[in-house]
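Novice: Take this structure first; my questions come after.
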Amino acid sequence: MNLRRLARDFIFSTLDLADTLTGRKTPITPPRRLMNGGTNSKFRNDYHSIGRNLFGLLVKHGGARPQDRVLDVGCSCGRIAAEFTTYLTSGTYNGFDIEGPAIEFCQRAITPRYPQIHPR
């Protein structure tokens, strides 16, 4: 393992701990290493607020309703899925992505708590 990877893993672990201690990390918040925000740390730090904003756009402009069937192409680690957990009543959320670790996180952390959420 190279030094750059060790440093990155240390930083992400430290940020995960800080999120837990400050209450920013919920049971369905993915670890920082899975948050897909590019190199701009603002996107990583605002995981939940960005998810809420995107969800709001889907409801307001996309017309998403609690009984709808939602398909999310490129769902990553569930940024939008997390917002649909308490919104959907009889509807379902189906997301898919090519990032195996992100999908595995969603399947392990979100689906058991919210069976209407189906990441693949």
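Quick note on naming: the chains in the structure tokens go A, B, ... in the order shown, residues restart at 1 in each chain, and ligands are numbered from 1 in order of appearance.
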Find the spatial neighbours of A:Thr20, counting only C-alpha atoms, within a cut-off of 12 Å - ignore same-chain residues fewer than 5 positions away - and output them as a list in words.

Specialist: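 Near A:Thr20, the qualifying residues are Ser13, Thr14, Leu15, Lys25, Thr26, Pro27, Ile28, Thr29, Pro30, Pro31 and Arg32 of chain A.
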
Novice: Would you list the contacts of A:Ala102 as a PyMOL selection string, taking every protein, DNA or RNA residue within 7 Å and counting only C-alpha atoms, but skipping same-chain residues closer than 5 positions in sequence?

Specialist: chain A and resi 34+76-77

Novice: Using only N, CA and C atoms, please write the residues we just selected to a file, as a compact mmCIF listing (two decimals), in the first residue's frame.

Specialist:
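Produced file selection-v9.txt, reproduced below:
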# COMPACT_ATOMS: atom_id res chain seq x y z
N LEU A 34 -16.64 6.53 0.41
CA LEU A 34 -17.62 6.18 -0.61
C LEU A 34 -18.38 7.39 -1.16
N SER A 76 -24.88 5.78 -6.84
CA SER A 76 -23.69 5.84 -5.99
C SER A 76 -24.01 5.27 -4.60
N CYS A 77 -23.68 6.01 -3.56
CA CYS A 77 -23.84 5.49 -2.20
C CYS A 77 -25.14 5.94 -1.53

Novice: Taking only chain A into account, list the residues labelled strand (DSSP E or B) by DSSP (computed from the backbone), as a PyMOL selection string.

Specialist: chain A and resi 69-73+92-96+117-119

Novice: Tell me, as a VMD selection string, which residues lie within 9 Å of stretch 87-90 of chain A, counting only C-alpha atoms; anything in the same chain fewer than 5 positions away does not count.

Specialist: chain A and resid 65 to 69 116

Novice: Next, write the just-selected residues to a file, as a PDB file, in the first residue's frame, keeping C-alpha atoms as the atom set.

Specialist:
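Saved result, part-v2.pdb, follows:
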ATOM      1  CA  ARG A  65     -44.887  11.644  -5.329  1.00  0.00           C
ATOM      2  CA  PRO A  66     -44.888   9.245  -2.348  1.00  0.00           C
ATOM      3  CA  GLN A  67     -46.611   6.526  -4.378  1.00  0.00           C
ATOM      4  CA  ASP A  68     -44.262   6.701  -7.389  1.00  0.00           C
ATOM      5  CA  ARG A  69     -41.702   4.187  -8.576  1.00  0.00           C
ATOM      6  CA  GLN A 116     -38.873   0.146  -0.341  1.00  0.00           C
TER       7      GLN A 116
END

Novice: Would you list the contacts of A:Arg24 as an NGL selection string, taking every protein, DNA or RNA residue within 10 Å and counting only C-alpha atoms, but skipping same-chain residues closer than 4 positions in sequence?

Specialist: :A and (16-20 or 29 or 45-48)

Novice: Extract the full set of alpha helix (DSSP H) residues from chain A according to DSSP on the backbone, and format it as a PyMOL selection string.

Specialist: chain A and resi 3-22+41-45+47-60+81-84+100-109

Novice: May I have the residues from that selection written out with N, CA and C atoms, as a compact mmCIF listing (two decimals), in the first residue's frame?

Specialist:
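Result file is again-v2.txt:
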# COMPACT_ATOMS: atom_id res chain seq x y z
N LEU A 3 2.01 5.33 0.27
CA LEU A 3 1.87 6.37 1.30
C LEU A 3 0.66 7.26 1.04
N ARG A 4 0.39 7.58 -0.22
CA ARG A 4 -0.75 8.44 -0.55
C ARG A 4 -2.06 7.77 -0.13
N ARG A 5 -2.19 6.47 -0.39
CA ARG A 5 -3.41 5.75 -0.02
C ARG A 5 -3.56 5.68 1.50
N LEU A 6 -2.47 5.44 2.20
CA LEU A 6 -2.51 5.41 3.67
C LEU A 6 -2.96 6.76 4.22
N ALA A 7 -2.43 7.83 3.65
CA ALA A 7 -2.80 9.18 4.11
C ALA A 7 -4.28 9.44 3.85
N ARG A 8 -4.75 9.06 2.65
CA ARG A 8 -6.16 9.26 2.32
C ARG A 8 -7.07 8.47 3.26
N ASP A 9 -6.71 7.21 3.51
CA ASP A 9 -7.51 6.38 4.41
C ASP A 9 -7.54 6.96 5.82
N PHE A 10 -6.41 7.48 6.28
CA PHE A 10 -6.34 8.10 7.61
C PHE A 10 -7.25 9.33 7.67
N ILE A 11 -7.19 10.15 6.63
CA ILE A 11 -8.01 11.37 6.61
C ILE A 11 -9.50 11.00 6.61
N PHE A 12 -9.89 10.05 5.76
CA PHE A 12 -11.30 9.66 5.71
C PHE A 12 -11.76 9.06 7.04
N SER A 13 -10.92 8.26 7.67
CA SER A 13 -11.28 7.68 8.97
C SER A 13 -11.45 8.77 10.03
N THR A 14 -10.58 9.76 10.00
CA THR A 14 -10.67 10.87 10.94
C THR A 14 -11.95 11.67 10.71
N LEU A 15 -12.27 11.92 9.44
CA LEU A 15 -13.50 12.65 9.13
C LEU A 15 -14.74 11.86 9.51
N ASP A 16 -14.72 10.54 9.31
CA ASP A 16 -15.84 9.69 9.74
C ASP A 16 -16.04 9.79 11.25
N LEU A 17 -14.95 9.74 11.99
CA LEU A 17 -15.04 9.86 13.44
C LEU A 17 -15.61 11.22 13.84
N ALA A 18 -15.14 12.28 13.19
CA ALA A 18 -15.66 13.62 13.49
C ALA A 18 -17.15 13.71 13.17
N ASP A 19 -17.57 13.11 12.06
CA ASP A 19 -19.00 13.11 11.71
C ASP A 19 -19.82 12.39 12.77
N THR A 20 -19.30 11.29 13.27
CA THR A 20 -20.00 10.54 14.31
C THR A 20 -20.10 11.36 15.59
N LEU A 21 -19.01 11.96 15.99
CA LEU A 21 -18.98 12.73 17.24
C LEU A 21 -19.85 13.98 17.18
N THR A 22 -19.99 14.57 16.00
CA THR A 22 -20.78 15.80 15.87
C THR A 22 -22.23 15.53 15.51
N SER A 41 -13.83 19.14 -1.55
CA SER A 41 -14.27 18.64 -0.25
C SER A 41 -15.62 19.21 0.16
N LYS A 42 -16.06 20.32 -0.44
CA LYS A 42 -17.37 20.88 -0.11
C LYS A 42 -18.47 19.85 -0.38
N PHE A 43 -18.35 19.10 -1.49
CA PHE A 43 -19.36 18.11 -1.81
C PHE A 43 -19.36 16.98 -0.79
N ARG A 44 -18.21 16.60 -0.31
CA ARG A 44 -18.15 15.54 0.69
C ARG A 44 -18.75 16.03 2.01
N ASN A 45 -18.46 17.26 2.39
CA ASN A 45 -18.94 17.79 3.66
C ASN A 45 -20.44 18.05 3.66
N TYR A 47 -22.89 16.24 2.18
CA TYR A 47 -23.56 15.05 1.67
C TYR A 47 -25.08 15.12 1.86
N HIS A 48 -25.51 15.37 3.08
CA HIS A 48 -26.95 15.38 3.37
C HIS A 48 -27.66 16.59 2.78
N SER A 49 -27.06 17.76 2.84
CA SER A 49 -27.73 18.95 2.30
C SER A 49 -27.84 18.87 0.78
N ILE A 50 -26.85 18.31 0.12
CA ILE A 50 -26.95 18.15 -1.33
C ILE A 50 -28.04 17.13 -1.66
N GLY A 51 -28.10 16.05 -0.90
CA GLY A 51 -29.17 15.07 -1.11
C GLY A 51 -30.54 15.68 -0.93
N ARG A 52 -30.71 16.49 0.11
CA ARG A 52 -32.00 17.16 0.34
C ARG A 52 -32.34 18.10 -0.81
N ASN A 53 -31.34 18.84 -1.29
CA ASN A 53 -31.59 19.77 -2.40
C ASN A 53 -31.98 19.03 -3.68
N LEU A 54 -31.27 17.96 -4.00
CA LEU A 54 -31.60 17.18 -5.19
C LEU A 54 -32.98 16.55 -5.06
N PHE A 55 -33.28 16.02 -3.89
CA PHE A 55 -34.59 15.44 -3.62
C PHE A 55 -35.69 16.50 -3.80
N GLY A 56 -35.45 17.68 -3.26
CA GLY A 56 -36.42 18.77 -3.40
C GLY A 56 -36.69 19.11 -4.85
N LEU A 57 -35.66 19.09 -5.67
CA LEU A 57 -35.84 19.36 -7.10
C LEU A 57 -36.68 18.26 -7.76
N LEU A 58 -36.43 17.01 -7.35
CA LEU A 58 -37.21 15.89 -7.92
C LEU A 58 -38.69 15.99 -7.56
N VAL A 59 -38.96 16.46 -6.36
CA VAL A 59 -40.35 16.60 -5.93
C VAL A 59 -40.99 17.83 -6.58
N LYS A 60 -40.31 18.96 -6.49
CA LYS A 60 -40.88 20.22 -6.98
C LYS A 60 -40.99 20.27 -8.50
N ALA A 81 -31.27 8.37 -2.40
CA ALA A 81 -32.04 7.27 -1.79
C ALA A 81 -32.35 7.57 -0.34
N ALA A 82 -31.39 8.13 0.38
CA ALA A 82 -31.59 8.44 1.80
C ALA A 82 -32.77 9.39 2.00
N GLU A 83 -32.97 10.29 1.06
CA GLU A 83 -34.07 11.25 1.19
C GLU A 83 -35.43 10.61 0.88
N PHE A 84 -35.42 9.58 0.04
CA PHE A 84 -36.68 8.89 -0.29
C PHE A 84 -37.11 7.91 0.80
N GLY A 100 -19.43 -1.11 -6.98
CA GLY A 100 -19.80 -2.19 -6.08
C GLY A 100 -19.81 -1.83 -4.61
N PRO A 101 -18.73 -1.22 -4.08
CA PRO A 101 -18.72 -0.89 -2.65
C PRO A 101 -19.84 0.08 -2.24
N ALA A 102 -20.19 1.01 -3.11
CA ALA A 102 -21.27 1.95 -2.79
C ALA A 102 -22.61 1.22 -2.73
N ILE A 103 -22.85 0.33 -3.69
CA ILE A 103 -24.10 -0.44 -3.70
C ILE A 103 -24.17 -1.37 -2.49
N GLU A 104 -23.05 -2.01 -2.18
CA GLU A 104 -23.01 -2.90 -1.01
C GLU A 104 -23.34 -2.13 0.26
N PHE A 105 -22.83 -0.90 0.38
CA PHE A 105 -23.16 -0.09 1.56
C PHE A 105 -24.66 0.15 1.62
N CYS A 106 -25.26 0.56 0.52
CA CYS A 106 -26.71 0.82 0.49
C CYS A 106 -27.51 -0.42 0.86
N GLN A 107 -27.12 -1.54 0.29
CA GLN A 107 -27.84 -2.79 0.57
C GLN A 107 -27.72 -3.19 2.04
N ARG A 108 -26.60 -2.89 2.64
CA ARG A 108 -26.36 -3.26 4.03
C ARG A 108 -26.97 -2.24 5.01
N ALA A 109 -26.91 -0.95 4.67
CA ALA A 109 -27.31 0.08 5.64
C ALA A 109 -28.71 0.63 5.42

Novice: Considering only C-alpha atoms, return as a PDB file with N, CA and C atoms, in the first residue's frame whatever protein or nucleic-acid residues lie within 8 Å of A:Ile117, sequence-local ones (same chain, fewer than 2 positions apart) excluded.

Specialist:
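Result file around12.pdb:
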ATOM      1  N   ALA A  81     -31.268   8.371  -2.395  1.00  0.00           N
ATOM      2  CA  ALA A  81     -32.036   7.268  -1.794  1.00  0.00           C
ATOM      3  C   ALA A  81     -32.352   7.568  -0.336  1.00  0.00           C
ATOM      4  N   PHE A  84     -35.421   9.577   0.039  1.00  0.00           N
ATOM      5  CA  PHE A  84     -36.676   8.890  -0.288  1.00  0.00           C
ATOM      6  C   PHE A  84     -37.111   7.914   0.801  1.00  0.00           C
ATOM      7  N   THR A  85     -36.255   7.623   1.749  1.00  0.00           N
ATOM      8  CA  THR A  85     -36.578   6.621   2.773  1.00  0.00           C
ATOM      9  C   THR A  85     -37.845   6.957   3.547  1.00  0.00           C
ATOM     10  N   THR A  92     -41.718   2.916  -4.597  1.00  0.00           N
ATOM     11  CA  THR A  92     -40.427   2.256  -4.416  1.00  0.00           C
ATOM     12  C   THR A  92     -39.324   3.071  -5.085  1.00  0.00           C
ATOM     13  N   TYR A  93     -38.133   2.864  -4.618  1.00  0.00           N
ATOM     14  CA  TYR A  93     -36.940   3.481  -5.181  1.00  0.00           C
ATOM     15  C   TYR A  93     -36.025   2.361  -5.652  1.00  0.00           C
ATOM     16  N   ASN A  94     -35.646   2.405  -6.920  1.00  0.00           N
ATOM     17  CA  ASN A  94     -34.698   1.457  -7.474  1.00  0.00           C
ATOM     18  C   ASN A  94     -33.513   2.246  -8.018  1.00  0.00           C
ATOM     19  N   GLY A  95     -32.352   1.970  -7.477  1.00  0.00           N
ATOM     20  CA  GLY A  95     -31.158   2.647  -7.941  1.00  0.00           C
ATOM     21  C   GLY A  95     -30.131   1.634  -8.397  1.00  0.00           C
ATOM     22  N   ILE A 110     -29.159   0.713   4.174  1.00  0.00           N
ATOM     23  CA  ILE A 110     -30.444   1.363   3.904  1.00  0.00           C
ATOM     24  C   ILE A 110     -31.579   0.353   3.743  1.00  0.00           C
ATOM     25  N   THR A 111     -31.416  -0.629   2.860  1.00  0.00           N
ATOM     26  CA  THR A 111     -32.512  -1.550   2.545  1.00  0.00           C
ATOM     27  C   THR A 111     -33.081  -2.290   3.756  1.00  0.00           C
ATOM     28  N   TYR A 114     -35.270   0.281   5.369  1.00  0.00           N
ATOM     29  CA  TYR A 114     -36.285   0.840   4.469  1.00  0.00           C
ATOM     30  C   TYR A 114     -36.448  -0.101   3.272  1.00  0.00           C
ATOM     31  N   PRO A 115     -37.304  -1.113   3.382  1.00  0.00           N
ATOM     32  CA  PRO A 115     -37.410  -2.137   2.338  1.00  0.00           C
ATOM     33  C   PRO A 115     -37.939  -1.624   0.993  1.00  0.00           C
ATOM     34  N   PRO A 119     -31.226  -0.767  -3.991  1.00  0.00           N
ATOM     35  CA  PRO A 119     -30.028  -0.475  -4.795  1.00  0.00           C
ATOM     36  C   PRO A 119     -29.477  -1.755  -5.422  1.00  0.00           C
TER      37      PRO A 119
END

Novice: Name the closest residue to A:Arg120 among the candidates A:Arg79, A:Thr86, A:Val73, A:Asn2; distances are taken between atoms, counting only C-alpha atoms.

Specialist: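 Counting only C-alpha atoms, the residue closest to A:Arg120 is A:Val73.
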
Novice: Report, in Å with one decimal, the straight-line distance from atom CA of A:Pro112 to atom CA of A:Gly74.

Specialist: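 These atoms are spaced 20.7 Å apart.
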